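Undergrad: Next up is a structure, given as structure tokens.
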Amino acid sequence: QVQLVESGGGLVQPGGSLTLSCAASGSDVSIEAMQWYRWAPGSQRELVTRISGDGYTWYDNSVKGRFTISGDVTKGAVYLQMGSLKPQDTAAYYCGARTLKGYYFGQGTQVTVSS
């Protein structure tokens with residue numbers, strides 16, 4: 001089992017910045033990659049960005065150039081730096097981890113972009 005805990009969400013004005021953190025803990029399960037998802041009311045859960053153990057990153061077009069994922073996948077610690085935030089970025093953000101035993105998800109942290 002892998003437990004994931006997100007933190008750093010909150011209320012921010014449009015154009016502002018926020019950094020989310022995700023920390024993994026649990027039994028000796030090797031994490032191969034980690035992701036950030038978001039889920040807004042009335043929408044489907046969407047993959048925002050991911051990072052693999054070799055440092056490869058991928059971003060959804062909606063956040064490319066504004067969000068940056070970083071961290072150490074092997075230690076289960078990743079961060080999401082979010083800049084130039086827009087109201088449409090408002091959602092619950094979830095951390096995910098891919099392991100040989102399957103996928104694990106955190107409980108999420110709310111990000112609200114509003115003036």
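By order in the structure tokens, chains are A, B, ...; within a chain, residues start at 1; ligands start at 1, following the order shown.
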Just want the 10 Å neighbourhood of Arg66 of chain A, counted on only C-alpha atoms, with same-chain residues fewer than 5 positions away dropped. Output as a ChimeraX atom specification.
TA: /A:17,59,61,81-85
Undergrad: As a VMD selection string, please: all residues of chain A that backbone DSSP puts in strand (DSSP E).
TA: chain A and resid 2 to 7 10 to 12 18 to 26 31 to 39 46 to 52 57 to 59 67 to 72 77 to 82 91 to 99 102 to 105 109 to 113
Undergrad: Name all residues at most 12 Å from Ser62 of chain A (count only C-alpha atoms; drop same-chain ones fewer than 2 positions away) and give them as a list in words.
TA: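 Everything that qualifies: Arg38, Glu46, Leu47, Val48, Thr49, Trp58, Tyr59, Asp60, Lys64, Gly65, Arg66, Phe67, Met82, Ser84, Leu85, Lys86, Gln88 and Asp89 of chain A.
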Undergrad: Write the residues of the selection above to a file with C-alpha atoms, as a PDB file, in the first residue's frame.
TA:
ATOM      1  CA  ARG A  38      -7.720  17.713 -11.157  1.00  0.00           C
ATOM      2  CA  GLU A  46      -8.268  15.143 -16.045  1.00  0.00           C
ATOM      3  CA  LEU A  47      -4.573  14.426 -16.010  1.00  0.00           C
ATOM      4  CA  VAL A  48      -2.702  17.697 -15.588  1.00  0.00           C
ATOM      5  CA  THR A  49       0.919  16.602 -15.544  1.00  0.00           C
ATOM      6  CA  TRP A  58       4.405  15.747 -19.640  1.00  0.00           C
ATOM      7  CA  TYR A  59       1.855  18.550 -19.398  1.00  0.00           C
ATOM      8  CA  ASP A  60      -1.674  18.998 -20.608  1.00  0.00           C
ATOM      9  CA  LYS A  64       1.790  24.059 -20.402  1.00  0.00           C
ATOM     10  CA  GLY A  65       4.021  27.023 -19.685  1.00  0.00           C
ATOM     11  CA  ARG A  66       2.164  27.883 -16.479  1.00  0.00           C
ATOM     12  CA  PHE A  67       2.589  24.775 -14.305  1.00  0.00           C
ATOM     13  CA  MET A  82       1.193  26.731 -10.558  1.00  0.00           C
ATOM     14  CA  SER A  84      -0.683  32.625 -13.954  1.00  0.00           C
ATOM     15  CA  LEU A  85      -3.667  30.907 -12.420  1.00  0.00           C
ATOM     16  CA  LYS A  86      -7.045  31.258 -14.077  1.00  0.00           C
ATOM     17  CA  GLN A  88     -10.840  27.663 -14.901  1.00  0.00           C
ATOM     18  CA  ASP A  89      -7.979  26.101 -12.913  1.00  0.00           C
TER      19      ASP A  89
END
Undergrad: Identify which of the residues A:Ala33, A:Ala40, A:Val113, A:Val5 lies closest to Pro87 of chain A, counting only C-alpha atoms when measuring atom-to-atom distances.
TA: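 Closest residue, counting only C-alpha atoms: A:Val113.
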Undergrad: Give the helix (DSSP H, G or I) residues of chain A, as assigned by DSSP on the backbone, as a ChimeraX atom specification.
TA: /A:73-75,87-89
Undergrad: Take the residues just selected and output them with all heavy atoms as a CSV table (one decimal), in the first residue's frame.
TA:
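part-v3.csv written:
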chain,number,residue,atom,x,y,z
A,73,VAL,N,10.7,11.2,-7.7
A,73,VAL,CA,9.7,10.1,-7.8
A,73,VAL,C,10.1,8.9,-6.9
A,73,VAL,O,9.3,8.3,-6.2
A,73,VAL,CB,9.5,9.7,-9.2
A,73,VAL,CG1,8.7,8.4,-9.3
A,73,VAL,CG2,8.9,10.8,-10.0
A,74,THR,N,11.4,8.6,-6.9
A,74,THR,CA,11.9,7.4,-6.1
A,74,THR,C,11.6,7.6,-4.6
A,74,THR,O,11.5,6.6,-3.9
A,74,THR,CB,13.4,7.2,-6.4
A,74,THR,OG1,14.1,8.3,-5.9
A,74,THR,CG2,13.6,6.9,-7.8
A,75,LYS,N,11.6,8.9,-4.2
A,75,LYS,CA,11.3,9.2,-2.8
A,75,LYS,C,9.8,9.5,-2.5
A,75,LYS,O,9.4,9.7,-1.4
A,75,LYS,CB,12.2,10.3,-2.3
A,75,LYS,CG,13.6,10.0,-2.3
A,75,LYS,CD,14.5,11.2,-1.7
A,75,LYS,CE,15.9,10.8,-1.7
A,75,LYS,NZ,16.7,12.0,-1.2
A,87,PRO,N,-9.4,31.3,-13.4
A,87,PRO,CA,-10.6,30.8,-12.7
A,87,PRO,C,-10.9,29.3,-13.2
A,87,PRO,O,-11.3,28.5,-12.3
A,87,PRO,CB,-11.7,31.7,-13.1
A,87,PRO,CG,-11.0,33.0,-13.3
A,87,PRO,CD,-9.6,32.7,-13.9
A,88,GLN,N,-10.6,29.0,-14.4
A,88,GLN,CA,-10.8,27.7,-14.9
A,88,GLN,C,-9.9,26.6,-14.3
A,88,GLN,O,-10.0,25.4,-14.6
A,88,GLN,CB,-10.8,27.6,-16.4
A,88,GLN,CG,-9.6,28.2,-17.1
A,88,GLN,CD,-9.9,29.7,-17.5
A,88,GLN,OE1,-10.4,30.5,-16.8
A,88,GLN,NE2,-9.5,30.0,-18.7
A,89,ASP,N,-8.9,27.0,-13.6
A,89,ASP,CA,-8.0,26.1,-12.9
A,89,ASP,C,-8.6,25.6,-11.6
A,89,ASP,O,-8.0,24.7,-10.9
A,89,ASP,CB,-6.6,26.7,-12.6
A,89,ASP,CG,-5.8,27.0,-13.9
A,89,ASP,OD1,-5.8,26.2,-14.8
A,89,ASP,OD2,-5.2,28.1,-14.0
Undergrad: What lies within 8 Å of Ser115 of chain A using only C-alpha atoms, ignoring chain neighbours under 3 positions off, as a list in words?
TA: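 Those residues are Val12, Gln13 and Pro14 of chain A.
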Undergrad: Could you dump the residues just selected with N, CA and C atoms as an mmCIF file, in the first residue's frame?
TA:
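Resulting contents of out21.cif:
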data_model
loop_
_atom_site.group_PDB
_atom_site.id
_atom_site.type_symbol
_atom_site.label_atom_id
_atom_site.label_comp_id
_atom_site.auth_asym_id
_atom_site.auth_seq_id
_atom_site.Cartn_x
_atom_site.Cartn_y
_atom_site.Cartn_z
ATOM 1 N N VAL A 12 -6.730 31.678 -4.267
ATOM 2 C CA VAL A 12 -5.751 32.586 -4.870
ATOM 3 C C VAL A 12 -6.449 33.426 -5.929
ATOM 4 N N GLN A 13 -5.975 34.630 -6.120
ATOM 5 C CA GLN A 13 -6.566 35.512 -7.115
ATOM 6 C C GLN A 13 -6.091 35.143 -8.514
ATOM 7 N N PRO A 14 -6.880 35.455 -9.526
ATOM 8 C CA PRO A 14 -6.429 35.217 -10.903
ATOM 9 C C PRO A 14 -5.087 35.873 -11.159
#
Undergrad: Provide the atom CA of Ala23 of chain A to atom CA of Gln35 of chain A distance in Å, to one decimal place.
TA: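 Taking atom CA of Ala23 of chain A as the start and atom CA of Gln35 of chain A as the end point, the length is 11.9 Å.
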Undergrad: If we count only C-alpha atoms, what is near segment 6-11 of chain A at a cut-off of 9 Å, once residues fewer than 5 positions away on the same chain are taken out, given as a count of residues only?
TA: 19
Undergrad: Looking at only C-alpha atoms, which of A:Gly26, A:Gly15, A:Gly102, A:Gly71 is the one that sits closest to Arg50 of chain A?
TA: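 Of A:Gly26, A:Gly15, A:Gly102, A:Gly71, the one nearest Arg50 of chain A, counting only C-alpha atoms, is A:Gly71.
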Undergrad: Taking only C-alpha atoms into account, name the residue in A:Tyr103, A:Leu4, A:Ala91, A:Ala97 that is nearest to Pro41 of chain A.
TA: A:Ala91
Undergrad: Between atom CA of Gly76 of chain A and atom CA of Gln44 of chain A, what distance in Å does the model show, to one decimal?
TA: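 Value for the atom CA of Gly76 of chain A-atom CA of Gln44 of chain A distance: 25.6 Å.
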Undergrad: What is the distance, in Å and to one decimal place, between atom CA of Ser52 of chain A and atom CA of Gly16 of chain A?
TA: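 Separation between atom CA of Ser52 of chain A and atom CA of Gly16 of chain A: 27.4 Å.
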Undergrad: Between A:Val2, A:Ile31, A:Trp39, A:Asp72, which one has atoms that come closest to Thr90 of chain A, using only C-alpha atoms?
TA: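 Of A:Val2, A:Ile31, A:Trp39, A:Asp72, the one nearest Thr90 of chain A is A:Trp39, counting only C-alpha atoms.
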Undergrad: Which of these residues is nearest to Asp28 of chain A, using only C-alpha atoms: A:Leu80, A:Val63, A:Gln3, A:Thr68?
TA: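 Under the stated criterion, the closest residue is A:Gln3.
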